[in-house]
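**Q** Sending over my_file.cif (mmCIF, C-alpha atoms).
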data_start
loop_
_atom_site.label_atom_id
_atom_site.label_comp_id
_atom_site.auth_asym_id
_atom_site.auth_seq_id
_atom_site.Cartn_x
_atom_site.Cartn_y
_atom_site.Cartn_z
CA MET A 1 19.51 -12.76 -24.85
CA ALA A 2 19.22 -8.99 -24.61
CA MET A 3 17.18 -7.13 -27.19
CA LYS A 4 18.26 -3.69 -28.36
CA ASN A 5 15.57 -1.12 -28.97
CA ARG A 6 14.83 2.60 -28.89
CA LEU A 7 12.16 3.62 -26.41
CA SER A 8 10.99 6.58 -24.37
CA GLY A 9 10.95 6.22 -20.58
CA ASN A 10 7.19 5.81 -20.59
CA GLU A 11 7.38 3.14 -23.29
CA ALA A 12 10.12 1.35 -21.37
CA VAL A 13 8.10 1.21 -18.15
CA ALA A 14 4.90 0.17 -19.96
CA LEU A 15 6.89 -2.60 -21.60
CA ALA A 16 8.30 -3.74 -18.24
CA MET A 17 4.72 -3.90 -16.95
CA LYS A 18 3.71 -5.95 -19.98
CA GLN A 19 6.53 -8.41 -19.38
CA ILE A 20 5.57 -8.70 -15.70
CA ASN A 21 1.86 -9.18 -16.60
CA PRO A 22 0.42 -7.91 -13.28
CA ASP A 23 -3.08 -8.87 -12.12
CA VAL A 24 -4.59 -5.39 -12.06
CA MET A 25 -3.72 -1.89 -13.18
CA GLY A 26 -5.69 0.96 -11.64
CA ALA A 27 -4.69 4.25 -13.22
CA PHE A 28 -5.87 7.68 -14.27
CA PRO A 29 -4.22 9.80 -16.97
CA ILE A 30 -2.10 12.81 -16.07
CA THR A 31 0.74 14.49 -17.92
CA PRO A 32 3.48 13.32 -18.29
CA SER A 33 2.70 9.76 -17.14
CA THR A 34 -0.46 9.39 -19.30
CA GLU A 35 1.31 7.28 -21.89
CA ILE A 36 2.06 4.48 -19.43
CA PRO A 37 -1.59 3.48 -18.81
CA GLN A 38 -2.31 4.37 -22.46
CA TYR A 39 0.28 1.92 -23.82
CA PHE A 40 -0.66 -0.64 -21.20
CA ALA A 41 -4.37 -0.37 -22.04
CA THR A 42 -3.40 -1.24 -25.61
CA TYR A 43 -1.64 -4.38 -24.38
CA VAL A 44 -4.81 -5.25 -22.44
CA ALA A 45 -7.06 -4.57 -25.45
CA ASN A 46 -4.82 -6.68 -27.70
CA GLY A 47 -4.83 -9.55 -25.24
CA GLU A 48 -1.07 -9.36 -24.78
CA VAL A 49 -1.49 -9.41 -20.99
CA ASP A 50 -4.06 -10.95 -18.63
CA THR A 51 -4.28 -7.80 -16.56
CA GLU A 52 -7.60 -6.32 -15.48
CA PHE A 53 -7.44 -2.62 -16.34
CA VAL A 54 -9.58 -0.56 -13.96
CA ALA A 55 -10.37 2.81 -15.53
CA VAL A 56 -10.96 4.78 -12.35
CA GLU A 57 -12.46 8.27 -12.01
CA SER A 58 -9.59 9.75 -9.97
CA GLU A 59 -6.15 8.98 -8.61
CA HIS A 60 -7.58 8.50 -5.13
CA SER A 61 -9.57 5.65 -6.60
CA ALA A 62 -6.56 4.40 -8.56
CA MET A 63 -4.60 3.91 -5.35
CA SER A 64 -7.68 2.58 -3.54
CA THR A 65 -8.01 -0.02 -6.31
CA CYS A 66 -4.37 -0.99 -5.95
CA PHE A 67 -4.74 -1.18 -2.16
CA ALA A 68 -7.74 -3.50 -2.44
CA VAL A 69 -6.09 -5.68 -5.09
CA GLU A 70 -2.99 -6.22 -2.97
CA ALA A 71 -5.09 -6.89 0.15
CA ALA A 72 -7.02 -9.48 -1.85
CA GLY A 73 -3.71 -11.20 -2.65
CA ALA A 74 -2.96 -10.02 -6.18
CA ARG A 75 -0.44 -7.74 -7.86
CA ALA A 76 -1.36 -4.14 -8.60
CA VAL A 77 0.43 -1.44 -10.58
CA THR A 78 -0.35 2.18 -11.25
CA ALA A 79 1.22 5.19 -12.90
CA THR A 80 0.89 8.86 -12.06
CA SER A 81 2.52 12.29 -11.82
CA SER A 82 2.36 15.50 -9.83
CA CYS A 83 -1.17 16.50 -8.77
CA GLY A 84 -2.32 12.98 -9.58
CA MET A 85 -0.05 11.64 -6.91
CA ALA A 86 -1.17 14.43 -4.60
CA LEU A 87 -4.73 13.20 -4.99
CA MET A 88 -3.53 9.72 -3.97
CA TRP A 89 -2.10 11.21 -0.79
CA GLU A 90 -4.39 9.59 1.76
CA MET A 91 -4.13 6.19 0.12
CA LEU A 92 -0.34 6.37 -0.17
CA TYR A 93 -0.14 6.27 3.61
CA VAL A 94 -2.90 3.67 3.96
CA THR A 95 -1.15 1.38 1.48
CA ALA A 96 2.26 1.73 3.10
CA SER A 97 1.03 1.33 6.67
CA SER A 98 -1.09 -1.68 5.70
CA ARG A 99 2.17 -3.03 4.25
CA LEU A 100 0.76 -3.73 0.82
CA PRO A 101 3.46 -3.78 -1.88
CA VAL A 102 1.80 -1.83 -4.70
CA THR A 103 4.19 -0.82 -7.50
CA MET A 104 3.87 2.68 -8.94
CA ALA A 105 5.48 4.21 -11.98
CA LEU A 106 5.91 7.84 -10.98
CA VAL A 107 6.86 10.32 -13.66
CA ASN A 108 8.12 13.24 -11.62
CA ARG A 109 6.48 16.55 -12.35
CA ALA A 110 6.17 19.86 -10.51
CA LEU A 111 3.21 20.38 -8.20
CA THR A 112 1.14 23.18 -9.54
CA GLY A 113 1.36 26.79 -8.38
CA PRO A 114 1.82 28.47 -10.90
CA ILE A 115 0.73 25.67 -13.18
CA ASN A 116 3.63 23.73 -14.60
CA ILE A 117 3.76 20.36 -16.30
CA ASN A 118 7.53 20.00 -16.39
CA ASN A 119 9.93 18.20 -14.18
CA ASP A 120 10.87 18.65 -10.58
CA HIS A 121 10.63 16.24 -7.64
CA SER A 122 8.09 18.07 -5.49
CA ASP A 123 5.54 15.25 -5.95
CA SER A 124 7.68 12.38 -4.68
CA MET A 125 9.67 14.47 -2.18
CA GLY A 126 6.41 15.33 -0.46
CA ALA A 127 5.76 11.61 -0.10
CA ARG A 128 9.26 10.91 1.17
CA ASP A 129 8.01 9.95 4.65
CA SER A 130 4.87 8.13 3.52
CA GLY A 131 6.52 4.72 3.90
CA TRP A 132 6.99 4.10 0.18
CA ILE A 133 10.35 2.96 -1.12
CA GLN A 134 11.47 5.39 -3.81
CA ILE A 135 13.82 4.37 -6.59
CA TYR A 136 14.97 7.13 -8.95
CA SER A 137 16.08 6.55 -12.51
CA GLU A 138 18.72 8.50 -14.40
CA THR A 139 17.94 7.06 -17.84
CA ASN A 140 15.21 5.17 -19.70
CA GLN A 141 17.31 2.06 -19.19
CA GLU A 142 17.28 2.63 -15.44
CA ALA A 143 13.53 3.29 -15.42
CA TYR A 144 13.04 -0.11 -17.09
CA ASP A 145 15.57 -1.92 -14.90
CA ASN A 146 14.25 -0.37 -11.68
CA PHE A 147 10.69 -1.34 -12.52
CA VAL A 148 11.70 -4.96 -13.07
CA GLN A 149 13.45 -4.97 -9.67
CA ALA A 150 10.66 -3.18 -7.77
CA MET A 151 8.36 -6.13 -7.02
CA PRO A 152 11.00 -8.53 -5.69
CA ILE A 153 12.05 -5.71 -3.34
CA GLY A 154 8.63 -4.54 -2.15
CA GLU A 155 7.09 -8.02 -1.88
CA ASN A 156 9.97 -9.49 0.13
CA LYS A 157 8.61 -10.76 3.47
CA GLU A 158 11.14 -8.69 5.41
CA VAL A 159 10.00 -5.54 3.59
CA ARG A 160 6.34 -5.61 2.49
CA LEU A 161 6.31 -1.97 1.44
CA PRO A 162 5.00 -0.27 -1.70
CA VAL A 163 7.58 0.92 -4.20
CA MET A 164 7.53 3.91 -6.53
CA VAL A 165 9.87 3.85 -9.47
CA CYS A 166 10.54 7.46 -10.40
CA GLN A 167 11.70 8.95 -13.68
CA ASP A 168 11.84 12.58 -14.74
CA GLY A 169 8.87 14.06 -16.57
CA PHE A 170 9.46 14.63 -20.30
CA ILE A 171 13.24 14.54 -20.02
CA THR A 172 13.22 10.81 -19.33
CA SER A 173 9.57 9.93 -19.91
CA HIS A 174 9.32 11.32 -23.45
CA ALA A 175 12.87 11.36 -24.80
CA VAL A 176 13.70 8.29 -26.87
CA GLU A 177 16.97 6.55 -26.07
CA ASN A 178 18.67 3.31 -26.93
CA ILE A 179 17.77 0.63 -24.44
CA GLU A 180 18.58 -3.01 -23.78
CA LEU A 181 15.54 -5.11 -22.95
CA LEU A 182 15.33 -8.50 -21.31
CA GLU A 183 13.41 -11.43 -22.76
CA ASP A 184 9.79 -11.68 -21.55
CA GLN A 185 10.44 -15.02 -19.88
CA THR A 186 13.58 -13.74 -18.17
CA VAL A 187 11.58 -10.91 -16.62
CA LYS A 188 8.73 -13.25 -15.61
CA ASP A 189 11.16 -15.68 -13.98
CA PHE A 190 12.97 -12.85 -12.22
CA VAL A 191 9.84 -11.22 -10.84
CA GLY A 192 8.15 -14.56 -10.10
CA GLU A 193 4.64 -15.20 -8.80
CA TYR A 194 3.27 -13.03 -6.01
CA GLN A 195 2.89 -15.25 -2.96
CA PRO A 196 1.69 -13.32 0.09
CA GLU A 197 1.34 -15.30 3.30
CA ASN A 198 -2.08 -13.90 4.16
CA TYR A 199 -4.64 -12.27 1.91
CA LEU A 200 -8.37 -11.61 1.86
CA LEU A 201 -9.22 -14.25 -0.75
CA LYS A 202 -7.49 -17.02 1.23
CA LYS A 203 -10.71 -18.59 2.44
CA GLU A 204 -9.23 -20.81 5.12
CA ASN A 205 -7.75 -17.78 6.86
CA PRO A 206 -10.14 -14.94 7.72
CA LEU A 207 -8.25 -11.66 7.64
CA ALA A 208 -8.91 -8.04 8.56
CA VAL A 209 -6.69 -5.46 6.83
CA GLY A 210 -6.21 -1.95 8.16
CA PRO A 211 -8.14 -2.12 11.45
CA TYR A 212 -8.46 0.87 13.79
CA ASP A 213 -5.20 1.49 15.66
CA ILE A 214 -5.19 3.46 18.90
CA SER A 215 -1.95 5.25 19.82
CA ASN A 216 -0.27 2.42 21.71
CA TYR A 217 -0.66 0.10 18.73
CA TYR A 218 -0.11 2.81 16.13
CA MET A 219 3.35 3.69 17.43
CA GLU A 220 4.39 0.05 17.36
CA HIS A 221 3.13 -0.38 13.82
CA LYS A 222 5.01 2.76 12.71
CA LYS A 223 8.13 1.27 14.29
CA GLN A 224 7.51 -1.96 12.34
CA GLN A 225 7.26 0.12 9.18
CA ALA A 226 10.53 1.93 9.92
CA GLU A 227 12.27 -1.41 10.53
CA ALA A 228 10.87 -2.75 7.24
CA MET A 229 12.36 0.27 5.48
CA LYS A 230 15.75 -0.52 7.07
CA ASN A 231 15.40 -4.16 5.99
CA ALA A 232 14.82 -2.92 2.44
CA LYS A 233 18.47 -1.84 2.14
CA ALA A 234 19.83 -5.38 2.22
CA VAL A 235 16.98 -6.67 0.06
CA ILE A 236 17.60 -3.97 -2.58
CA LEU A 237 21.25 -4.99 -2.77
CA SER A 238 20.45 -8.69 -3.01
CA VAL A 239 17.84 -8.10 -5.74
CA ALA A 240 20.37 -5.90 -7.59
CA GLU A 241 22.92 -8.70 -7.41
CA LYS A 242 20.46 -11.16 -8.95
CA PHE A 243 19.48 -8.58 -11.55
CA GLU A 244 23.10 -8.13 -12.55
CA LYS A 245 23.25 -11.82 -13.34
CA ILE A 246 20.38 -11.60 -15.84
CA SER A 247 21.20 -8.18 -17.29
CA GLY A 248 24.90 -7.53 -16.79
CA ARG A 249 23.97 -4.15 -15.33
CA HIS A 250 25.13 -3.28 -11.81
CA TYR A 251 23.00 -1.37 -9.32
CA GLY A 252 23.52 -0.36 -5.69
CA LEU A 253 21.85 2.00 -3.25
CA PHE A 254 23.72 4.83 -4.99
CA GLU A 255 25.78 5.03 -8.13
CA GLU A 256 29.19 6.44 -7.27
CA PHE A 257 31.11 8.53 -9.73
CA GLU A 258 34.69 9.73 -9.21
CA MET A 259 34.38 9.39 -5.44
CA GLU A 260 37.79 7.83 -4.68
CA ASP A 261 39.73 11.08 -4.28
CA ALA A 262 36.80 13.47 -3.96
CA GLU A 263 36.96 16.55 -1.75
CA PHE A 264 33.33 17.39 -2.30
CA ALA A 265 30.43 15.14 -3.18
CA LEU A 266 27.23 16.06 -4.94
CA ILE A 267 24.19 13.89 -4.32
CA ILE A 268 22.03 14.05 -7.43
CA ILE A 269 18.72 12.39 -8.19
CA GLY A 270 17.38 11.48 -11.60
CA PHE A 271 18.46 12.76 -15.01
CA GLN A 272 20.55 15.56 -13.51
CA CYS A 273 23.17 12.91 -12.75
CA ARG A 274 24.05 13.12 -16.43
CA ASN A 275 24.76 16.83 -16.11
CA GLY A 276 26.77 16.11 -12.98
CA LYS A 277 28.88 13.56 -14.78
CA GLY A 278 29.20 15.78 -17.87
CA ASN A 279 30.56 18.68 -15.86
CA ASP A 280 33.35 16.62 -14.41
CA PRO A 281 36.42 18.41 -15.89
CA TYR A 282 38.35 15.15 -16.09
CA HIS A 283 35.74 13.53 -18.28
CA ALA A 284 34.56 16.46 -20.35
CA MET B 1 4.89 -16.38 14.79
CA ILE B 2 1.34 -15.16 14.37
CA ARG B 3 -0.34 -14.07 17.57
CA LYS B 4 -4.03 -14.23 18.32
CA ALA B 5 -5.83 -10.92 18.84
CA SER B 6 -6.50 -11.96 22.45
CA GLU B 7 -2.74 -12.23 23.01
CA ILE B 8 -2.05 -8.68 21.83
CA ASN B 9 -2.67 -5.68 24.04
CA GLU B 10 -1.60 -2.05 24.42
CA SER B 11 1.74 -3.08 25.97
CA THR B 12 2.72 -5.51 23.23
CA PRO B 13 5.99 -4.43 21.54
CA TRP B 14 6.28 -4.06 17.76
CA GLN B 15 8.25 -7.28 17.36
CA GLU B 16 5.28 -9.29 18.63
CA MET B 17 2.52 -7.52 16.74
CA THR B 18 1.11 -8.69 13.42
CA VAL B 19 2.37 -6.90 10.32
CA GLY B 20 0.46 -3.69 9.69
CA GLY B 21 -2.04 -4.60 12.42
CA GLU B 22 -3.58 -7.38 10.34
CA ILE B 23 -6.00 -9.61 12.23
CA TYR B 24 -6.00 -13.24 11.20
CA GLU B 25 -9.30 -14.32 12.78
CA GLY B 26 -12.95 -13.26 12.91
CA GLY B 27 -15.18 -11.82 15.65
CA THR B 28 -12.42 -10.08 17.57
CA SER B 29 -14.56 -7.04 18.41
CA THR B 30 -16.01 -9.09 21.28
CA LEU B 31 -12.62 -8.70 23.01
CA VAL B 32 -12.95 -4.93 23.15
CA ASN B 33 -14.62 -3.34 26.16
CA THR B 34 -16.82 -0.69 24.60
CA GLY B 35 -19.13 -0.66 27.63
CA ASP B 36 -17.05 2.04 29.26
CA TRP B 37 -18.20 4.56 26.64
CA ARG B 38 -21.60 4.54 28.37
CA THR B 39 -23.05 7.35 30.46
CA MET B 40 -26.63 6.03 30.64
CA VAL B 41 -27.42 2.41 31.41
CA PRO B 42 -30.47 0.20 30.76
CA VAL B 43 -31.80 -1.82 33.70
CA PHE B 44 -33.58 -5.11 33.04
CA HIS B 45 -36.67 -5.86 35.18
CA GLU B 46 -37.15 -9.55 34.54
CA GLU B 47 -40.49 -9.77 36.39
CA LYS B 48 -42.13 -7.42 33.83
CA CYS B 49 -40.58 -9.05 30.73
CA ASN B 50 -42.74 -11.37 28.59
CA HIS B 51 -39.78 -12.25 26.35
CA CYS B 52 -41.34 -10.87 23.17
CA MET B 53 -37.75 -10.39 21.85
CA LEU B 54 -38.45 -6.98 20.33
CA CYS B 55 -35.46 -5.43 22.09
CA VAL B 56 -33.02 -8.04 20.76
CA PRO B 57 -32.92 -7.12 17.04
CA TYR B 58 -33.21 -3.40 17.89
CA CYS B 59 -30.00 -3.46 19.95
CA PRO B 60 -27.29 -1.99 17.65
CA ASP B 61 -24.51 -3.64 19.65
CA SER B 62 -25.94 -7.17 19.96
CA SER B 63 -25.72 -6.74 23.71
CA ILE B 64 -28.88 -8.63 24.68
CA PRO B 65 -28.04 -12.32 24.97
CA VAL B 66 -30.79 -14.89 24.37
CA LYS B 67 -30.89 -18.44 25.67
CA ASP B 68 -33.64 -21.01 25.13
CA GLY B 69 -36.12 -18.41 23.89
CA ARG B 70 -35.62 -16.10 26.86
CA ARG B 71 -33.58 -12.93 27.00
CA LEU B 72 -30.92 -12.62 29.70
CA ASP B 73 -29.51 -9.55 31.41
CA PHE B 74 -27.48 -7.11 29.26
CA ASP B 75 -23.94 -7.70 28.05
CA PHE B 76 -22.52 -4.63 29.77
CA MET B 77 -19.07 -5.08 28.23
CA HIS B 78 -20.51 -4.03 24.87
CA CYS B 79 -23.72 -2.07 25.66
CA LYS B 80 -23.05 1.60 24.85
CA GLY B 81 -26.16 2.88 26.61
CA CYS B 82 -28.08 4.18 23.59
CA GLY B 83 -31.46 3.47 25.21
CA ILE B 84 -33.17 2.05 22.11
CA CYS B 85 -34.19 -1.11 24.01
CA TYR B 86 -35.84 1.04 26.67
CA LYS B 87 -37.78 2.96 23.98
CA VAL B 88 -39.06 -0.13 22.15
CA CYS B 89 -39.96 -2.34 25.14
CA PRO B 90 -43.80 -2.65 25.20
CA CYS B 91 -43.81 -4.05 28.76
CA LYS B 92 -41.74 -1.32 30.44
CA ALA B 93 -39.40 -4.09 31.53
CA ILE B 94 -36.38 -1.87 30.83
CA SER B 95 -35.65 1.38 32.61
CA PHE B 96 -32.92 3.80 31.59
CA VAL B 97 -30.86 5.63 34.22
CA LYS B 98 -27.64 7.56 34.69
CA GLU B 99 -24.82 5.14 35.27
CA GLY B 100 -22.99 5.23 38.58
CA VAL B 101 -25.61 7.34 40.39
#
Please express what this file holds, its structure, as structure tokens.
**A**
Amino acid sequence: MAMKNRLSGNEAVALAMKQINPDVMGAFPITPSTEIPQYFATYVANGEVDTEFVAVESEHSAMSTCFAVEAAGARAVTATSSCGMALMWEMLYVTASSRLPVTMALVNRALTGPININNDHSDSMGARDSGWIQIYSETNQEAYDNFVQAMPIGENKEVRLPVMVCQDGFITSHAVENIELLEDQTVKDFVGEYQPENYLLKKENPLAVGPYDISNYYMEHKKQQAEAMKNAKAVILSVAEKFEKISGRHYGLFEEFEMEDAEFALIIIGFQCRNGKGNDPYHA
Amino acid sequence: MIRKASEINESTPWQEMTVGGEIYEGGTSTLVNTGDWRTMVPVFHEEKCNHCMLCVPYCPDSSIPVKDGRRLDFDFMHCKGCGICYKVCPCKAISFVKEGV
């Protein structure tokens, strides 16, 4: 039974996190994603989730926390923007190459110079080759839906890659829109329990995560990572198919619009898709 | 299929390596030959040794094996030639020389 509501993008993602009830959130505030850990910390304080909230002193530590949590065998989420993500830089690569499926809510914002807190994609585009799966959202609804789908994608055994669910700073994160939410139990059943094969707290199986890799090994592990990213395509489609069954909303790798007889195609990411659709003379 | 660290080497292709280089067992550093980092090498003179065992805990690489209360010759696969054992030996039972000379 879908529930209608009016939420901002940040509220929608915080609510998705609440419904998922992850084991740990490690996050540091930064505009415009601040509200996500802020709302989530309220859920923690009110006892609405079982999550351990780790109030770190920097984004580097936020991602280090998430890395350690996933290595230990638990689920970790974080939220950040812009320079915050830039400060995670080292750990973005460590997390992806250690194949730990952290889930990040990224609220896209310009990287400073001159200082700007508004939206562009320079933060996530810089991390394009870091080994993270990136899912971009056009609307608040998509930000919510994508976040619910992120864990079944990233945690799939054929993938095992971290996922960032991106939405546009202020335009999506702060604007309130109508949204259709899923029941808490529906989300919990869809996302399921995290069941990694090997993890540090599995006492019968000693494990080393992220050991030193000389070139011969490193190249092979990078190849593994590239193959995992290719595997993600089929997994994304299969998760989307299951998601359609619980939500009635259809997702693919791209959303196509008026492509059947197109002479030119525009590839657009994020909220700008709305402008793209709006400027279509046949649908003005 | 999960492979043992001893079954993986520098020629192993990506399909046969563990995910992300994870190692699913303990003590695998013993498989790695770090002895070839050495330029200086300790030499054990057993006749001068009174087996006081001072060198054993001082060795940073655990490269002095002990059996039945007596130290044996060095584990040269892991000794990096730091010379600490030579410095601490009260019996001058260890000399320290350039390797390969």
**Q** Report as a PyMOL selection string the set of chain B residues whose atoms approach chain A to within 9 Å, with distances computed over all atoms listed in the file.
**A** chain B and resi 9-15+17-26
**Q** Residues picked by the PyMOL selection byres ((chain B and resi 46-52) around 8) here, as a PDB file with C-alpha atoms, keeping the file's coordinate frame?
**A**
ATOM      1  CA  PHE B  44     -33.580  -5.110  33.040  1.00  0.00           C
ATOM      2  CA  HIS B  45     -36.670  -5.860  35.180  1.00  0.00           C
ATOM      3  CA  MET B  53     -37.750 -10.390  21.850  1.00  0.00           C
ATOM      4  CA  LEU B  54     -38.450  -6.980  20.330  1.00  0.00           C
ATOM      5  CA  GLY B  69     -36.120 -18.410  23.890  1.00  0.00           C
ATOM      6  CA  ARG B  70     -35.620 -16.100  26.860  1.00  0.00           C
ATOM      7  CA  ARG B  71     -33.580 -12.930  27.000  1.00  0.00           C
ATOM      8  CA  CYS B  91     -43.810  -4.050  28.760  1.00  0.00           C
ATOM      9  CA  LYS B  92     -41.740  -1.320  30.440  1.00  0.00           C
ATOM     10  CA  ALA B  93     -39.400  -4.090  31.530  1.00  0.00           C
TER      11      ALA B  93
END
**Q** For A:Ala150, which residue among A:Met85, A:Glu90, A:Ala16, A:Asn108 is the nearest when counting all atoms listed in the file?
**A**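 Going through A:Met85, A:Glu90, A:Ala16, A:Asn108 one by one, the smallest distance to A:Ala150 is for A:Ala16.
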**Q** Fewer than 6 positions away in the same chain doesn't count, so skip those; otherwise give me all residues within 10 Å of A:Ala41, counting all atoms listed in the file, as a PDB file with C-alpha atoms, in the coordinates of the input.
**A**
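This went into out-v1.pdb:
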ATOM      1  CA  ALA A  14       4.900   0.170 -19.960  1.00  0.00           C
ATOM      2  CA  MET A  25      -3.720  -1.890 -13.180  1.00  0.00           C
ATOM      3  CA  ALA A  27      -4.690   4.250 -13.220  1.00  0.00           C
ATOM      4  CA  GLU A  35       1.310   7.280 -21.890  1.00  0.00           C
ATOM      5  CA  GLY A  47      -4.830  -9.550 -25.240  1.00  0.00           C
ATOM      6  CA  GLU A  48      -1.070  -9.360 -24.780  1.00  0.00           C
ATOM      7  CA  VAL A  49      -1.490  -9.410 -20.990  1.00  0.00           C
ATOM      8  CA  THR A  51      -4.280  -7.800 -16.560  1.00  0.00           C
ATOM      9  CA  GLU A  52      -7.600  -6.320 -15.480  1.00  0.00           C
ATOM     10  CA  PHE A  53      -7.440  -2.620 -16.340  1.00  0.00           C
ATOM     11  CA  VAL A  54      -9.580  -0.560 -13.960  1.00  0.00           C
ATOM     12  CA  ALA A  55     -10.370   2.810 -15.530  1.00  0.00           C
TER      13      ALA A  55
END
**Q** On this file, the PyMOL selection byres ((chain B and resi 43) around 8) gives some set of residues; write that set as a list in words.
**A** Val41, Pro42, Phe44, His45, Ile94, Ser95, Phe96 and Val97 of chain B
**Q** Written as a list in words, what is the full residue list that the PyMOL selection byres ((chain B and resi 56-67) around 9) yields on the file shown?
**A**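 Against this file, the PyMOL selection byres ((chain B and resi 56-67) around 9) returns the residues Met53, Leu54, Cys55, Asp68, Gly69, Arg70, Arg71, Leu72, Asp73, Phe74, Asp75, Phe76, Met77, His78, Cys79, Lys80, Cys82, Gly83, Ile84, Cys85 and Val88 of chain B.
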**Q** So how many Å separate atom CA of A:Arg274 and atom CA of A:Pro114, to one decimal?
**A**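 Calculated distance between atom CA of A:Arg274 and atom CA of A:Pro114 is 27.6 Å.
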**Q** Mind pulling up the distance from atom CA of A:Gly270 to atom CA of A:Ser137?
**A**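 Between atom CA of A:Ser137 and atom CA of A:Gly270 the gap is 5.2 Å.
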**Q** Quick one, how far is atom CA of A:Asp23 from atom CA of A:Ile133?
**A**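 Computing it gives 21.0 Å between the two atoms.
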**Q** Given the choices A:Ile20, A:Ala175, A:Leu237, A:Val159, which gets closest to A:Pro32 if the distance is worked out from all atoms listed in the file?
**A**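 Closest to A:Pro32 of all the choices is A:Ala175.
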**Q** Considering only C-alpha atoms, can you say which of B:Val101, B:Cys89, B:Val32, B:Met40 comes closest to B:Ala5?
**A**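 Once distances to B:Ala5 are computed over only C-alpha atoms, the minimum belongs to B:Val32.
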**Q** Can you tell me which residues surround A:Gln272 at a distance of at most 10 Å, considering all atoms listed in the file, apart from same-chain residues fewer than 6 positions away, and format the answer as a list in words?
**A**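 The residues that qualify are Glu138, Thr139, Asp168, Ile171 and Gly278 of chain A.
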**Q** Taking into account all atoms listed in the file, which residue in the set A:Asn5, A:Ala105, A:Glu158, A:Asn118 is nearest to A:Ala226?
**A**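 Smallest separation from A:Ala226 among the options: A:Glu158.
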**Q** Give me the box for stretch 249-252 of chain A as JSON, namely the centre and edge lengths in Å to one decimal of a box along x, y and z that holds every listed atom plus 6 Å on each side.
**A**
{"center_x": 24.1, "center_y": -2.3, "center_z": -10.5, "size_x": 14.1, "size_y": 15.8, "size_z": 21.6}
**Q** Need the shell around A:Asn46: protein/DNA/RNA residues with any atom at most 12 Å away, counting all atoms listed in the file. Skip same-chain ones fewer than 6 positions apart. Format as a list in words?
**A** Lys18, Tyr39 and Phe40 of chain A
